[in-house]
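Asker: Shown below is the structure under consideration.
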Amino acid sequence: MDQIYIGHRPLASVEQSNTNSFGPLTFKGDGTFQISIFEDLHFGENAWDQWGPQQDINSVKVINEILEAESPGLVVINGDLITGENTFLENSTTYVDQIVRPLVDRGLTWASTYGNHDYDYNISGNAILAREKQWRNSRTTQMVFGEEAGVSNYYLPVYDSDCSDESCTPELLLWFFDSRGGFRYQQKDESGNRVGQPDWVDFSVVNWFLQTNAELVNKYSRTIPSLGFVHIPTYASYVLQEEGIDPHAEPGINDDYPLAPQAQGWCADGRNDGTCDYGGQDIPFMQAVSAVPGFIALFSGHDHGDTFCVKWDRLLPNMTVTPRNDLNLCFSQHSGYGGYGNWERGSRQVLVTKSKLENLEVDTWIRLESGNVVGSISLNSTYGEDRYPATNNSKTYCPTCNYTST
């Protein structure tokens, strides 16, 4: 029986970890359900330098500090778990074990989406999923199959506290979408270069989402409130940022300007040769998530220097999609010491309360590694009009990393 070692002690054995399973996600007895989102952890960066492994050690500390302060019913790891371009084929996914140790130690379950850095020559979404599934705490799965679909496309129902199995009607749906990007696994072109992969939610996934949601509505004879998670933000976030982010109405950091949306750098005809700014391939996805009744918010990462939420409630300049329903587009907080930027690491928290869910409202805030809470808001009908304190743009630096060493 092989054991997986992280640090100085074994986390668990693979064989042992597959013997049990967790029950369905449920609200607590007080009618609440909390999610902790970790974004852009970027484990495995420059493993051959002193500072690479030190970044990962400090990222684990961030996860531990957040989870000591918060009590989530689910952890979402929303893309760029690993800096795939720095990994070796033989051990590219073993970083998953280091990432999830704080969760396993606390008996928490998690669900992942995969980001552009999770796809590269030596790593793939399929390989990461296989590694995740060695731990019974993982709820990540794959519901859409096809070469262009990506991997982490699925949904998780959340039931009332008195539900013991999946025969109940869900109170909430959590949708996970794979925005792909990066490079194709073990593929090179005739010149020996890595082969790029489209960086938007594929049309096949959009069709699956619309069909599956319709089937659920028909099955339960009701609209079920929903939240969504995707690594790369949509073009709507880009345009809303161009329109202006009010630090008191939409509190958060707004340093990645302009942000990098899905389909950036692609042409409408599918070329990716540097001649186009944006190809529009995420339009079907934007149409879907803004049209499905009850879809409250979509949470993204990718842009480490953006942490705001903004409401998409109108036709925007240079866009063809008019949202049928108001949709909150939120960034989380750069959680890892890997990846660019020194914004203070942290994790967006989402608190769903059954009484507020009736009005399609959720509360959210960001817990920083310092213990401070910033950007506490209610995503309600008046979000964008309500006034909040501006978010302090604090920075942190890896305390044990020697970036001058070779």
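Identifiers for the structure tokens are assigned positionally: chains receive A, B, ... in sequence, residues are indexed from 1 per chain, and ligands are indexed from 1 in the order shown.
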Based on DSSP run over this structure's backbone, return all residues of region 241-373 of chain A in alpha helix (DSSP H), as an MDAnalysis selection string.

Answerer: chainID A and resid 241:243 283:289 354:357

Asker: Kindly provide the residues of region 300-373 of chain A that approach region 21-36 of chain A to within 9 Å, each paired with its closest atom pair and their distance in Å to one decimal, based on only C-alpha atoms, listed by chain and increasing number, as a tab-separated table.

Answerer:
residue	atom	partner	partner_atom	distance
A:Ser347	CA	A:Ser36	CA	6.4
A:Arg348	CA	A:Ser36	CA	6.0
A:Gln349	CA	A:Ser36	CA	4.7
A:Val350	CA	A:Ile35	CA	5.1
A:Leu351	CA	A:Gln34	CA	4.5
A:Val352	CA	A:Phe33	CA	5.1
A:Thr353	CA	A:Thr32	CA	4.5
A:Lys354	CA	A:Gly31	CA	5.4
A:Ser355	CA	A:Gly31	CA	7.6

Asker: Set out as CSV a contact list for region 63-173 of chain A and region 314-336 of chain A with a cut-off of 12 Å, giving each residue of region 63-173 of chain A that qualifies its closest atom pair and distance in Å to one decimal, counting only C-alpha atoms, ordered by chain and rising residue number.

Answerer:
residue,atom,partner,partner_atom,distance
A:Ile63,CA,A:Ser335,CA,7.8
A:Asn64,CA,A:Ser335,CA,11.4
A:Glu65,CA,A:Ser335,CA,11.2
A:Ile66,CA,A:Ser335,CA,9.8
A:Val76,CA,A:Ser332,CA,10.9
A:Ile77,CA,A:Ser335,CA,9.8
A:Asn78,CA,A:Ser332,CA,9.0
A:Gly79,CA,A:His334,CA,10.8
A:Asp80,CA,A:Gly336,CA,9.7
A:Leu81,CA,A:Gly336,CA,8.9
A:Ile82,CA,A:Gly336,CA,10.0
A:Thr83,CA,A:Gly336,CA,10.9
A:Ile99,CA,A:Gly336,CA,10.1

Asker: What lies within 7 Å of region 166-180 of chain A using only C-alpha atoms, ignoring chain neighbours under 2 positions off, as an MDAnalysis selection string?

Answerer: chainID A and resid 24 113:116 150:160 163 182 197:201 220 224:232

Asker: Mind checking which residues fall within 12 Å of Asp202 (chain A), counting only C-alpha atoms, ignoring those fewer than 6 positions away in the same chain, and posting them as a PyMOL selection string?

Answerer: chain A and resi 144-153+177-181+208-209+262-263+280-286+288

Asker: Those same residues - C-alpha atoms - I'd like them written as a short mmCIF file (atom, residue, chain, number, x, y, z; two decimals), in the first residue's frame.

Answerer:
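Contents of the output file out-v4.cif:
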data_model
loop_
_atom_site.label_atom_id
_atom_site.label_comp_id
_atom_site.auth_asym_id
_atom_site.auth_seq_id
_atom_site.Cartn_x
_atom_site.Cartn_y
_atom_site.Cartn_z
CA VAL A 144 -19.16 16.60 -20.11
CA PHE A 145 -16.90 14.54 -22.34
CA GLY A 146 -15.25 15.47 -25.59
CA GLU A 147 -11.84 16.60 -26.75
CA GLU A 148 -12.76 20.30 -26.65
CA ALA A 149 -14.97 20.32 -23.55
CA GLY A 150 -12.28 20.49 -20.89
CA VAL A 151 -12.61 18.41 -17.75
CA SER A 152 -14.04 20.24 -14.72
CA ASN A 153 -17.61 20.73 -15.92
CA PHE A 177 -17.14 25.30 -15.64
CA ASP A 178 -13.79 24.60 -17.28
CA SER A 179 -12.47 27.65 -19.18
CA ARG A 180 -9.46 25.64 -20.41
CA GLY A 181 -6.59 27.63 -21.95
CA TRP A 208 -25.00 20.64 -21.40
CA PHE A 209 -25.57 23.39 -18.83
CA GLN A 262 -12.03 34.43 -22.07
CA ALA A 263 -11.21 34.42 -25.81
CA GLY A 280 -16.26 36.47 -28.99
CA GLN A 281 -16.20 32.73 -28.40
CA ASP A 282 -17.51 33.17 -24.85
CA ILE A 283 -20.73 34.80 -26.06
CA PRO A 284 -22.78 31.57 -25.81
CA PHE A 285 -21.57 31.09 -22.23
CA MET A 286 -22.43 34.68 -21.30
CA ALA A 288 -26.51 31.11 -20.92
#

Asker: I'd like the contact shell of Ile123 (chain A) - 7 Å cut-off, only C-alpha atoms, skipping same-chain residues fewer than 6 positions apart - returned as an MDAnalysis selection string.

Answerer: chainID A and resid 84 89 92 185

Asker: Export N, CA, C and O atoms of the chosen residues as a short mmCIF file (atom, residue, chain, number, x, y, z; two decimals), in the first residue's frame?

Answerer:
data_model
loop_
_atom_site.label_atom_id
_atom_site.label_comp_id
_atom_site.auth_asym_id
_atom_site.auth_seq_id
_atom_site.Cartn_x
_atom_site.Cartn_y
_atom_site.Cartn_z
N GLY A 84 1.63 24.68 -14.30
CA GLY A 84 1.91 23.50 -15.10
C GLY A 84 3.14 23.59 -15.98
O GLY A 84 3.80 22.58 -16.24
N LEU A 89 6.70 15.65 -16.15
CA LEU A 89 5.66 14.68 -16.46
C LEU A 89 5.51 13.66 -15.33
O LEU A 89 4.39 13.25 -15.00
N SER A 92 3.87 15.76 -11.97
CA SER A 92 3.20 17.06 -12.13
C SER A 92 1.98 17.21 -11.24
O SER A 92 1.64 18.33 -10.83
N TYR A 185 -1.91 18.70 -23.76
CA TYR A 185 -1.07 17.71 -23.09
C TYR A 185 -0.26 16.89 -24.09
O TYR A 185 -0.82 16.28 -25.01
#
